[in-house]
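Novice: One file: protein_8.txt (compact mmCIF, C-alpha atoms).
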# COMPACT_ATOMS: atom_id res chain seq x y z
CA MET A 1 0.00 0.00 0.00
CA THR A 2 1.37 3.41 -0.92
CA THR A 3 1.54 5.97 1.79
CA THR A 4 -0.31 9.24 1.44
CA SER A 5 2.91 11.24 1.20
CA SER A 6 4.26 9.13 -1.65
CA LEU A 7 0.88 9.48 -3.37
CA ILE A 8 1.20 13.26 -3.06
CA ASP A 9 4.69 13.00 -4.55
CA SER A 10 3.42 11.14 -7.58
CA LEU A 11 0.45 13.48 -8.03
CA VAL A 12 2.74 16.51 -7.86
CA ALA A 13 5.05 14.91 -10.42
CA ASP A 14 2.04 14.52 -12.70
CA ALA A 15 0.81 18.11 -12.24
CA LYS A 16 0.59 19.48 -15.74
CA PRO A 17 -1.26 22.73 -16.46
CA VAL A 18 -4.95 22.02 -17.02
CA ARG A 19 -7.57 23.79 -19.11
CA ARG A 20 -10.43 24.87 -16.90
CA LEU A 21 -13.97 23.92 -17.73
CA GLY A 22 -15.94 26.78 -19.19
CA PRO A 23 -18.96 28.20 -17.35
CA PRO A 24 -21.80 25.63 -17.33
CA SER A 25 -24.16 27.98 -19.17
CA VAL A 26 -21.69 28.38 -22.03
CA ARG A 27 -21.20 24.62 -22.19
CA ALA A 28 -24.96 24.08 -22.19
CA ILE A 29 -25.33 26.58 -25.04
CA CYS A 30 -22.62 24.74 -27.00
CA TRP A 31 -24.47 21.46 -26.59
CA LEU A 32 -27.79 23.07 -27.54
CA LEU A 33 -26.21 24.56 -30.65
CA PHE A 34 -24.98 21.10 -31.51
CA ALA A 35 -28.53 19.80 -31.00
CA VAL A 36 -29.91 22.52 -33.27
CA LEU A 37 -27.30 21.59 -35.87
CA MET A 38 -28.34 17.95 -35.68
CA LEU A 39 -32.01 18.89 -36.03
CA ALA A 40 -31.17 21.07 -39.02
CA LEU A 41 -29.19 18.26 -40.65
CA VAL A 42 -32.05 15.82 -40.15
CA ALA A 43 -34.47 18.42 -41.50
CA VAL A 44 -32.34 18.75 -44.64
CA GLY A 45 -31.91 15.01 -45.05
CA HIS A 46 -35.35 13.83 -44.07
CA GLY A 47 -37.53 16.87 -44.63
CA VAL A 48 -40.04 18.19 -42.13
CA ARG A 49 -43.44 16.55 -41.89
CA PRO A 50 -45.76 17.68 -44.66
CA ASP A 51 -48.44 18.92 -42.29
CA LEU A 52 -46.09 20.90 -40.06
CA MET A 53 -47.63 24.29 -40.83
CA LEU A 54 -51.05 22.89 -40.09
CA LYS A 55 -49.89 21.30 -36.85
CA LEU A 56 -48.24 24.51 -35.72
CA HIS A 57 -51.71 26.01 -35.42
CA GLN A 58 -52.77 23.32 -32.96
CA PRO A 59 -52.16 24.49 -29.40
CA ALA A 60 -51.68 20.94 -28.08
CA PHE A 61 -48.93 20.22 -30.59
CA VAL A 62 -47.20 23.53 -30.00
CA THR A 63 -47.38 23.07 -26.24
CA ASN A 64 -45.97 19.57 -26.55
CA VAL A 65 -43.02 20.59 -28.74
CA ALA A 66 -42.31 23.71 -26.70
CA ALA A 67 -42.45 21.79 -23.43
CA ALA A 68 -40.13 19.10 -24.80
CA MET A 69 -37.71 21.73 -26.03
CA ILE A 70 -37.74 23.64 -22.75
CA THR A 71 -37.32 20.40 -20.80
CA GLY A 72 -34.35 19.47 -22.97
CA THR A 73 -32.78 22.92 -22.61
CA LEU A 74 -33.25 23.15 -18.87
CA ALA A 75 -32.10 19.56 -18.33
CA ALA A 76 -28.94 20.25 -20.32
CA LEU A 77 -28.28 23.38 -18.27
CA ALA A 78 -29.00 21.51 -15.03
CA SER A 79 -26.70 18.64 -15.86
CA PHE A 80 -23.82 20.96 -16.76
CA ILE A 81 -24.26 23.01 -13.59
CA ALA A 82 -24.76 20.08 -11.24
CA SER A 83 -21.79 18.19 -12.69
CA VAL A 84 -19.43 20.79 -11.23
CA PRO A 85 -18.39 19.75 -7.71
CA GLY A 86 -19.66 22.08 -5.03
CA ARG A 87 -22.69 23.31 -6.97
CA SER A 88 -26.04 22.61 -5.39
CA ARG A 89 -27.86 19.44 -6.34
CA ARG A 90 -31.09 21.43 -6.35
CA TRP A 91 -30.22 22.50 -9.87
CA LEU A 92 -31.38 19.05 -10.93
CA LEU A 93 -34.95 20.13 -10.13
CA LEU A 94 -34.76 22.90 -12.73
CA PRO A 95 -36.47 21.02 -15.60
CA VAL A 96 -39.19 19.47 -13.43
CA PRO A 97 -42.00 21.99 -14.19
CA ALA A 98 -41.35 21.82 -17.94
CA LEU A 99 -41.14 18.05 -17.71
CA ALA A 100 -44.53 17.92 -16.01
CA VAL A 101 -46.08 20.01 -18.79
CA TRP A 102 -44.40 17.87 -21.44
CA ILE A 103 -45.60 14.60 -19.96
CA SER A 104 -49.14 15.91 -19.47
CA THR A 105 -49.37 17.02 -23.12
CA ILE A 106 -48.06 13.64 -24.30
CA SER A 107 -50.76 11.74 -22.52
CA TYR A 108 -53.45 14.19 -23.59
CA GLY A 109 -52.46 14.03 -27.25
CA CYS A 110 -52.16 10.30 -27.06
CA LEU A 111 -55.68 9.89 -25.70
CA THR A 112 -57.32 12.14 -28.30
CA ASN A 113 -55.36 10.65 -31.20
CA TRP A 114 -56.14 7.16 -30.04
CA VAL A 115 -59.80 7.79 -30.57
CA ASN A 116 -59.27 9.51 -33.92
CA ILE A 117 -56.87 7.16 -35.62
CA GLY A 118 -56.61 3.98 -33.63
CA PRO A 119 -53.52 1.98 -32.82
CA GLU A 120 -53.29 0.26 -36.21
CA GLY A 121 -52.65 3.58 -37.95
CA MET A 122 -48.94 2.94 -38.42
CA SER A 123 -46.92 0.66 -40.61
CA ALA A 124 -43.53 -1.00 -40.34
CA GLY A 125 -42.07 1.52 -42.76
CA GLU A 126 -43.19 4.37 -40.58
CA ALA A 127 -41.71 2.68 -37.55
CA ALA A 128 -38.37 2.24 -39.29
CA GLN A 129 -38.30 5.90 -40.35
CA CYS A 130 -39.24 6.94 -36.89
CA PHE A 131 -36.42 4.86 -35.46
CA ALA A 132 -33.99 6.34 -37.97
CA THR A 133 -34.93 9.86 -36.87
CA LEU A 134 -34.57 8.83 -33.28
CA ALA A 135 -31.14 7.28 -33.77
CA LEU A 136 -29.91 10.12 -35.98
CA THR A 137 -30.65 12.74 -33.33
CA GLY A 138 -30.38 10.75 -30.14
CA ILE A 139 -27.07 8.97 -30.57
CA PRO A 140 -24.86 11.94 -31.51
CA LEU A 141 -26.46 14.08 -28.81
CA SER A 142 -25.87 11.38 -26.20
CA LEU A 143 -22.26 10.89 -27.26
CA MET A 144 -21.65 14.64 -27.16
CA MET A 145 -23.17 14.85 -23.69
CA LEU A 146 -21.11 11.88 -22.53
CA ILE A 147 -17.87 13.47 -23.69
CA MET A 148 -18.70 16.88 -22.27
CA LEU A 149 -19.65 15.42 -18.88
CA ARG A 150 -16.89 12.82 -18.56
CA HIS A 151 -15.42 14.51 -15.50
CA ALA A 152 -18.58 13.50 -13.61
CA ALA A 153 -17.44 9.87 -13.74
CA ARG A 154 -15.63 10.11 -10.42
CA LEU A 155 -18.18 12.41 -8.81
CA ALA A 156 -21.91 11.69 -8.98
CA PRO A 157 -22.51 9.86 -12.24
CA THR A 158 -26.05 8.61 -11.76
CA PRO A 159 -28.08 11.81 -11.27
CA ILE A 160 -25.99 13.64 -13.86
CA ALA A 161 -26.40 10.84 -16.41
CA MET A 162 -30.13 10.80 -15.81
CA MET A 163 -30.40 14.54 -16.27
CA ALA A 164 -28.31 14.39 -19.44
CA SER A 165 -30.53 11.60 -20.75
CA LEU A 166 -33.56 13.75 -20.09
CA ALA A 167 -31.99 16.54 -22.13
CA VAL A 168 -31.35 14.14 -25.02
CA ALA A 169 -34.84 12.67 -24.74
CA GLY A 170 -36.39 16.15 -24.90
CA MET A 171 -34.42 17.10 -28.00
CA THR A 172 -35.11 13.74 -29.65
CA SER A 173 -38.79 14.16 -28.98
CA VAL A 174 -38.73 17.59 -30.63
CA ALA A 175 -37.10 16.00 -33.67
CA LEU A 176 -39.74 13.29 -33.80
CA SER A 177 -42.58 15.80 -33.52
CA LEU A 178 -41.17 17.99 -36.28
CA PHE A 179 -40.12 15.30 -38.74
CA HIS A 180 -42.34 12.33 -38.18
CA PRO A 181 -45.04 12.64 -40.82
CA ILE A 182 -48.07 10.93 -39.26
CA ASP A 183 -49.49 10.85 -35.79
CA ALA A 184 -48.64 7.34 -34.84
CA THR A 185 -49.93 7.64 -31.33
CA VAL A 186 -48.51 4.44 -29.89
CA MET A 187 -45.22 5.12 -31.61
CA ILE A 188 -44.90 8.62 -30.25
CA LEU A 189 -45.88 7.46 -26.82
CA MET A 190 -43.40 4.62 -26.95
CA TRP A 191 -40.58 6.83 -28.08
CA ASN A 192 -41.34 9.78 -25.86
CA PHE A 193 -41.68 7.69 -22.77
CA GLY A 194 -39.62 4.77 -23.98
CA VAL A 195 -36.57 6.85 -24.89
CA ALA A 196 -36.66 8.72 -21.62
CA VAL A 197 -37.19 5.59 -19.54
CA MET A 198 -34.65 3.59 -21.51
CA PHE A 199 -32.02 6.27 -21.09
CA LEU A 200 -32.86 6.67 -17.44
CA VAL A 201 -32.74 2.94 -16.75
CA VAL A 202 -29.62 2.32 -18.81
CA SER A 203 -27.83 5.31 -17.38
CA GLY A 204 -29.02 4.45 -13.90
CA PHE A 205 -27.49 1.01 -14.23
CA GLY A 206 -24.37 1.93 -16.14
CA GLY A 207 -23.88 5.61 -15.31
CA ARG A 208 -20.56 5.06 -13.67
CA ARG A 209 -19.34 2.56 -16.22
CA LEU A 210 -20.54 4.76 -19.09
CA PHE A 211 -18.68 7.87 -17.96
CA GLY A 212 -15.76 5.78 -16.77
CA TRP A 213 -15.36 4.38 -20.25
CA VAL A 214 -15.30 7.81 -21.87
CA ALA A 215 -13.02 9.14 -19.15
CA LEU A 216 -10.55 6.39 -19.96
CA LYS A 217 -10.63 7.22 -23.65
CA GLY A 218 -10.60 10.98 -23.11
CA MET B 1 -29.16 8.14 1.82
CA ARG B 2 -26.73 10.61 0.42
CA SER B 3 -27.97 13.43 2.57
CA ARG B 4 -27.66 11.24 5.65
CA THR B 5 -24.03 10.36 5.09
CA HIS B 6 -22.99 13.73 3.71
CA ARG B 7 -22.83 15.93 6.72
CA PRO B 8 -21.39 19.39 6.24
CA GLY B 9 -17.66 19.54 6.84
CA PRO B 10 -15.85 21.44 9.56
CA PRO B 11 -16.07 25.21 9.26
CA LEU B 12 -13.85 26.41 6.45
CA THR B 13 -12.34 29.55 7.80
CA LEU B 14 -9.70 29.43 5.09
CA VAL B 15 -12.07 30.36 2.32
CA GLU B 16 -14.34 32.86 3.92
CA ASN B 17 -12.33 36.00 3.32
CA ARG B 18 -10.74 34.95 0.11
CA GLN B 19 -11.80 38.13 -1.71
CA GLY B 20 -9.10 40.11 0.00
CA SER B 21 -6.51 37.40 -0.01
CA GLY B 22 -4.64 38.27 -3.18
CA ALA B 23 -4.65 42.00 -2.62
CA SER B 24 -3.69 41.93 1.03
CA ASP B 25 -0.59 39.78 0.61
CA PRO B 26 2.43 41.48 2.09
CA PRO B 27 4.76 42.64 -0.71
CA GLY B 28 7.58 40.24 0.01
CA GLY B 29 5.44 37.36 1.30
CA THR B 30 4.67 34.06 -0.37
CA PRO B 31 1.86 34.55 -2.83
CA GLY B 32 0.14 31.43 -1.45
CA ASN B 33 -0.25 32.96 2.01
CA ARG B 34 -3.13 34.96 3.34
CA ALA B 35 -2.79 38.18 5.28
CA ASP B 36 -2.90 36.26 8.57
CA GLY B 37 -0.01 34.03 7.47
CA ARG B 38 -2.05 30.92 6.78
CA LEU B 39 -2.10 29.19 3.40
CA ASP B 40 -4.76 30.37 0.98
CA TRP B 41 -6.09 27.21 -0.63
CA THR B 42 -7.93 29.12 -3.36
CA MET B 43 -4.75 30.85 -4.52
CA LEU B 44 -2.81 27.59 -4.36
CA MET B 45 -5.47 25.82 -6.40
CA ILE B 46 -5.43 28.51 -9.08
CA ARG B 47 -1.65 28.24 -9.32
CA SER B 48 -1.88 24.44 -9.36
CA GLN B 49 -4.24 24.57 -12.29
CA ALA B 50 -1.62 26.57 -14.12
CA GLY B 51 0.89 23.77 -13.48
CA ASP B 52 2.76 25.21 -10.48
CA ARG B 53 4.07 22.06 -8.79
CA GLU B 54 5.30 23.78 -5.64
CA ALA B 55 1.88 25.29 -5.04
CA TYR B 56 0.23 21.98 -5.80
CA ARG B 57 2.40 20.17 -3.25
CA LEU B 58 1.67 22.82 -0.62
CA LEU B 59 -2.04 22.54 -1.36
CA LEU B 60 -2.17 18.74 -1.21
CA GLU B 61 -0.13 18.65 1.99
CA ALA B 62 -2.36 21.33 3.51
CA VAL B 63 -5.67 19.68 2.65
CA THR B 64 -4.64 16.16 3.64
CA PRO B 65 -5.06 16.60 7.43
CA TYR B 66 -8.36 18.37 6.82
CA LEU B 67 -9.58 15.53 4.60
CA ARG B 68 -8.41 13.03 7.20
CA THR B 69 -10.54 14.76 9.86
CA LEU B 70 -13.47 14.85 7.48
CA ALA B 71 -13.17 11.14 6.68
CA ALA B 72 -12.49 10.09 10.27
CA ARG B 73 -15.81 11.60 11.37
CA GLN B 74 -17.68 8.94 9.47
CA ILE B 75 -15.25 6.08 8.97
CA ASN B 76 -13.99 4.30 12.06
CA ASN B 77 -11.20 2.10 10.81
CA ARG B 78 -7.88 3.97 10.56
CA ASN B 79 -6.74 2.12 7.45
CA ASP B 80 -10.02 2.80 5.70
CA VAL B 81 -9.71 6.50 6.58
CA GLU B 82 -6.28 6.64 4.97
CA ASP B 83 -7.57 4.76 1.91
CA THR B 84 -10.40 7.25 1.57
CA VAL B 85 -8.05 10.23 1.95
CA GLN B 86 -5.91 8.84 -0.87
CA ASP B 87 -9.02 8.25 -2.93
CA ILE B 88 -10.07 11.88 -2.43
CA LEU B 89 -6.61 13.14 -3.40
CA LEU B 90 -6.66 11.03 -6.57
CA THR B 91 -10.13 12.33 -7.50
CA LEU B 92 -9.05 15.89 -6.77
CA HIS B 93 -6.15 15.34 -9.15
CA THR B 94 -8.37 13.88 -11.88
CA VAL B 95 -11.00 16.62 -11.78
CA ARG B 96 -8.78 19.58 -10.86
CA HIS B 97 -9.80 21.28 -14.10
CA THR B 98 -13.41 21.52 -12.87
CA TYR B 99 -12.50 24.05 -10.18
CA ASP B 100 -13.81 27.49 -11.08
CA PRO B 101 -11.62 30.25 -9.52
CA THR B 102 -14.61 32.58 -9.21
CA ARG B 103 -16.22 30.17 -6.75
CA PRO B 104 -15.01 29.23 -3.26
CA PHE B 105 -12.60 26.32 -2.99
CA GLY B 106 -14.10 24.83 0.18
CA PRO B 107 -17.44 23.57 -1.16
CA TRP B 108 -15.68 22.17 -4.23
CA LEU B 109 -13.30 20.18 -2.07
CA VAL B 110 -16.02 19.09 0.36
CA ALA B 111 -18.25 17.89 -2.50
CA ILE B 112 -15.46 15.70 -3.89
CA ALA B 113 -14.55 14.45 -0.43
CA GLY B 114 -18.19 13.69 0.32
CA ARG B 115 -18.50 11.46 -2.71
CA ARG B 116 -15.37 9.50 -1.87
CA ILE B 117 -16.34 9.18 1.79
CA VAL B 118 -19.70 7.73 0.78
CA ASP B 119 -17.84 5.33 -1.49
CA GLY B 120 -15.56 4.42 1.41
CA LEU B 121 -18.54 3.74 3.65
CA ARG B 122 -20.12 1.57 0.96
CA ARG B 123 -16.89 -0.37 0.57
CA GLN B 124 -16.74 -0.80 4.32
CA GLY B 125 -20.35 -2.02 4.35
CA ARG B 126 -19.72 -4.52 1.57
CA GLN B 127 -16.64 -5.89 3.30
CA GLY B 128 -18.40 -5.99 6.62
CA ALA B 129 -21.10 -8.18 5.10
CA HIS B 130 -18.62 -10.79 3.89
CA GLU B 131 -15.56 -10.54 6.07
CA ALA B 132 -14.95 -10.80 9.80
CA PRO B 133 -12.01 -9.12 11.48
CA PHE B 134 -9.23 -11.51 12.50
CA ASP B 135 -9.13 -11.28 16.28
CA PRO B 136 -6.47 -12.82 18.56
CA GLU B 137 -8.96 -15.42 19.79
CA HIS B 138 -9.27 -16.74 16.27
CA GLU B 139 -5.60 -17.53 16.25
CA THR B 140 -4.48 -21.11 16.74
CA PHE B 141 -1.08 -22.65 17.40
CA ALA B 142 0.50 -25.84 16.26
CA THR B 143 1.79 -26.87 19.70
CA PRO B 144 -0.55 -29.35 21.46
CA GLU B 145 -0.50 -27.32 24.71
CA ALA B 146 -2.24 -24.41 23.01
CA ASN B 147 -5.12 -26.65 21.95
CA LEU B 148 -5.65 -28.51 25.23
CA VAL B 149 -9.06 -27.03 25.84
CA GLU B 150 -10.36 -27.95 22.42
CA ASN B 151 -8.87 -31.43 22.63
CA ALA B 152 -10.45 -32.00 26.01
CA SER B 153 -13.89 -30.96 24.87
CA GLU B 154 -13.61 -33.04 21.72
CA ALA B 155 -12.51 -36.06 23.73
CA ARG B 156 -15.44 -35.64 26.09
CA ALA B 157 -17.82 -35.47 23.16
CA LEU B 158 -16.33 -38.65 21.73
CA HIS B 159 -16.58 -40.51 25.04
CA GLU B 160 -20.21 -39.43 25.45
CA ALA B 161 -20.94 -40.68 21.95
CA ILE B 162 -19.26 -44.00 22.68
CA ASP B 163 -21.30 -44.38 25.87
CA ALA B 164 -24.45 -43.92 23.82
CA LEU B 165 -23.62 -46.92 21.58
CA PRO B 166 -25.26 -50.37 22.00
CA PRO B 167 -23.16 -52.56 24.42
CA GLY B 168 -21.63 -54.88 21.77
CA GLN B 169 -20.47 -52.02 19.61
CA ARG B 170 -19.31 -50.04 22.64
CA ASP B 171 -17.07 -52.87 23.85
CA ALA B 172 -15.68 -53.47 20.38
CA ILE B 173 -14.72 -49.82 19.98
CA ARG B 174 -13.21 -49.61 23.47
CA MET B 175 -11.05 -52.67 23.01
CA LEU B 176 -10.02 -52.28 19.38
CA LYS B 177 -9.73 -48.50 19.03
CA LEU B 178 -9.19 -47.04 22.50
CA GLU B 179 -7.15 -49.82 24.09
CA GLU B 180 -5.68 -50.74 20.72
CA LEU B 181 -5.96 -54.51 21.22
CA SER B 182 -5.63 -56.72 18.18
CA LEU B 183 -8.71 -58.52 16.78
CA LYS B 184 -7.29 -61.83 18.02
CA GLU B 185 -6.70 -60.56 21.59
CA ALA B 186 -10.14 -59.04 21.74
CA SER B 187 -11.67 -62.22 20.42
CA THR B 188 -10.02 -64.37 23.09
CA MET B 189 -10.93 -61.86 25.83
CA THR B 190 -14.62 -61.62 24.99
CA GLY B 191 -15.23 -64.95 23.27
CA VAL B 192 -16.81 -63.16 20.31
CA SER B 193 -15.65 -64.25 16.85
CA ILE B 194 -13.27 -62.05 14.86
CA ALA B 195 -15.88 -61.59 12.12
CA SER B 196 -18.48 -60.38 14.65
CA LEU B 197 -15.96 -57.97 16.17
CA LYS B 198 -15.21 -56.55 12.72
CA VAL B 199 -18.90 -56.05 12.01
CA ALA B 200 -19.48 -54.48 15.43
CA THR B 201 -16.57 -52.08 14.95
CA HIS B 202 -17.79 -51.11 11.52
CA ARG B 203 -21.30 -50.43 12.77
CA ALA B 204 -19.95 -48.59 15.81
CA MET B 205 -17.88 -46.25 13.62
CA LYS B 206 -20.92 -45.54 11.49
CA ASN B 207 -23.08 -44.80 14.51
CA LEU B 208 -20.39 -42.64 16.11
CA ARG B 209 -20.11 -40.60 12.93
CA LYS B 210 -23.86 -40.05 13.01
CA LEU B 211 -23.93 -39.21 16.71
CA ILE B 212 -21.10 -36.71 16.47
CA GLU B 213 -22.53 -35.09 13.35
CA ARG B 214 -25.87 -34.67 15.09
CA ARG B 215 -24.14 -33.12 18.06
CA GLY B 216 -22.25 -30.77 15.76
CA VAL B 217 -25.49 -29.62 14.13
CA LYS B 218 -27.09 -29.06 17.53
CA SER B 219 -24.30 -27.01 18.99
What is this file in structure tokens?

Specialist:
Amino acid sequence: MTTTSSLIDSLVADAKPVRRLGPPSVRAICWLLFAVLMLALVAVGHGVRPDLMLKLHQPAFVTNVAAAMITGTLAALASFIASVPGRSRRWLLLPVPALAVWISTISYGCLTNWVNIGPEGMSAGEAAQCFATLALTGIPLSLMMLIMLRHAARLAPTPIAMMASLAVAGMTSVALSLFHPIDATVMILMWNFGVAVMFLVVSGFGGRRLFGWVALKG
Amino acid sequence: MRSRTHRPGPPLTLVENRQGSGASDPPGGTPGNRADGRLDWTMLMIRSQAGDREAYRLLLEAVTPYLRTLAARQINNRNDVEDTVQDILLTLHTVRHTYDPTRPFGPWLVAIAGRRIVDGLRRQGRQGAHEAPFDPEHETFATPEANLVENASEARALHEAIDALPPGQRDAIRMLKLEELSLKEASTMTGVSIASLKVATHRAMKNLRKLIERRGVKS
């Protein structure tokens, strides 16, 4: 076993100048700009849904998209702030009100659409496209978040990973709402809840390992 | 659970007045010292981030006793405390770029220490569930004198078990195993045939094994 003084010696020997982390708000803005870029790329590649202009006049749709976007933004900000040691954990509550609105609009829209269209209103092709949109936005955003938050590996990985997942889920949901052409109610419900829950469960289980892996590479 | 184990640290007088620390340094004094002559951890940390090894050593040596106090409040075992202190120092080293000079150093350090102390407690809990400390009374010695008590109690148990056997088997065991007579001698002494003695001994051993096992389960 090494003694504490010899540990200090080796740490001092390894003390290279370090680049400080930027302010959390700036880092959050960087990530959000990256998210906007991803959305724009998907919009160019995939095209927005044909009935977008029509949908934008529906208050329920607008509320849903806005709430998802605000949840994503606030969750990103919260995860960047709370990942810095010494900052209050209460920051993690920041996206809760927006999240509540988002979830309530999902269930409302789902119930009304269920009656209008019915669960068989989607096809395998639609599901595949939907999944492509999801992967195209979700995976790069998650990777970016993972790299930007790798220092949290040795601190408090689980809550931070959950908050980061919420940010990604919010942004992914916005992408789905804007680009997915038909109202596949079950699909949307599955993705909106499924993505969030999947990220939360996966990151809850592997939060430490996930960040630890990136920290090793980084 | 986290809030239960993460009690606030000792009062951090070193960071309270840090606003004036840089300006109020005496002209010829060490830049890492505060006006009252004590080390200013914030200044040291800023210089450490820039790669100043001397400042970094001063800082680590200054925070170590503080971290030790912090860890010792919640972890009892001295070795575990030292392990946790080293763990905190390693984490501090890994995430030293996350320190923001515009914010106080104390809460930053305490947050990192808190995480590692919780980890230390968890480790302690895990080990406690599987491992028992090795006390002097667990120790045993090869010399027969050291094991007299155990031998005596085992012998008594064996004798009690033998007494509980049926008479034929009991006599066979006594003569052949305890008195170490040969089969022939025992046969002439008791008038029982050699074959019967063999069978009786075999059954007696079986019964004894059962009796002693039962006793072992009971106790």

Novice: Atom CA of Thr91 of chain B to atom CA of Leu74 of chain A: how many Å, to one decimal?

Specialist: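 Result for atom CA of Thr91 of chain B versus atom CA of Leu74 of chain A: 27.9 Å, one decimal.
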
Novice: Write down, as a ChimeraX atom specification, each residue of chain B that has any atom within 6 Å of an atom of chain A, counting all atoms listed in the file.

Specialist: /B:49-51,53,57,97-98,107-108,111

Novice: Name the residues in contact with Thr64 of chain B at a cut-off of 10 Å, using all atoms listed in the file, excluding same-chain residues fewer than 2 positions from it; report them as a PyMOL selection string.

Specialist: (chain A and resi 4-5+8) or (chain B and resi 59-62+66-70+82+85-86+88-89)

Novice: Would you export the selected residues with C-alpha atoms as a PDB file, keeping the file's coordinate frame, please?

Specialist:
ATOM      1  CA  THR A   4      -0.310   9.240   1.440  1.00  0.00           C
ATOM      2  CA  SER A   5       2.910  11.240   1.200  1.00  0.00           C
ATOM      3  CA  ILE A   8       1.200  13.260  -3.060  1.00  0.00           C
TER       4      ILE A   8
ATOM      5  CA  LEU B  59      -2.040  22.540  -1.360  1.00  0.00           C
ATOM      6  CA  LEU B  60      -2.170  18.740  -1.210  1.00  0.00           C
ATOM      7  CA  GLU B  61      -0.130  18.650   1.990  1.00  0.00           C
ATOM      8  CA  ALA B  62      -2.360  21.330   3.510  1.00  0.00           C
ATOM      9  CA  TYR B  66      -8.360  18.370   6.820  1.00  0.00           C
ATOM     10  CA  LEU B  67      -9.580  15.530   4.600  1.00  0.00           C
ATOM     11  CA  ARG B  68      -8.410  13.030   7.200  1.00  0.00           C
ATOM     12  CA  THR B  69     -10.540  14.760   9.860  1.00  0.00           C
ATOM     13  CA  LEU B  70     -13.470  14.850   7.480  1.00  0.00           C
ATOM     14  CA  GLU B  82      -6.280   6.640   4.970  1.00  0.00           C
ATOM     15  CA  VAL B  85      -8.050  10.230   1.950  1.00  0.00           C
ATOM     16  CA  GLN B  86      -5.910   8.840  -0.870  1.00  0.00           C
ATOM     17  CA  ILE B  88     -10.070  11.880  -2.430  1.00  0.00           C
ATOM     18  CA  LEU B  89      -6.610  13.140  -3.400  1.00  0.00           C
TER      19      LEU B  89
END

Novice: When you draw a straight line from atom CA of Asp83 of chain B to atom CA of Met148 of chain A, how long is it in Å?

Specialist: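 These atoms are spaced 29.2 Å apart.
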
Novice: As a PyMOL selection string, please: the residues near Ile70 of chain A (cut-off 12 Å, all atoms listed in the file, same-chain neighbours under 4 positions excluded).

Specialist: chain A and resi 32+62-66+74-78+94-102+166-171+173-174

Novice: Hey, what's within 7 Å of Ile194 of chain B if we count only C-alpha atoms and toss same-chain stuff fewer than 6 positions away? As a short mmCIF file (atom, residue, chain, number, x, y, z; two decimals) with C-alpha atoms, keeping the file's coordinate frame, please?

Specialist:
data_model
loop_
_atom_site.label_atom_id
_atom_site.label_comp_id
_atom_site.auth_asym_id
_atom_site.auth_seq_id
_atom_site.Cartn_x
_atom_site.Cartn_y
_atom_site.Cartn_z
CA LEU B 183 -8.71 -58.52 16.78
CA LYS B 184 -7.29 -61.83 18.02
CA SER B 187 -11.67 -62.22 20.42
#

Novice: Would you compute the distance between atom CA of Ile75 of chain B and atom CA of Leu121 of chain B? Give it in Å to one decimal.

Specialist: 6.7 Å

Novice: Take every atom of segment 67-76 of chain A listed in the file, pad by 4 Å on each side, and give me the axis-aligned box centre and edge lengths in Å, one decimal, as AutoDock Vina command-line options.

Specialist:
--center_x -35.7 --center_y 21.4 --center_z -22.2 --size_x 21.5 --size_y 12.5 --size_z 15.7

Novice: Compile the contact shell of Gly138 of chain A as number ranges by chain: residues with an atom at most 7 Å away, counting all atoms listed in the file, same-chain residues fewer than 3 positions apart removed.

Specialist: A: 134-135, 141-142, 168, 172
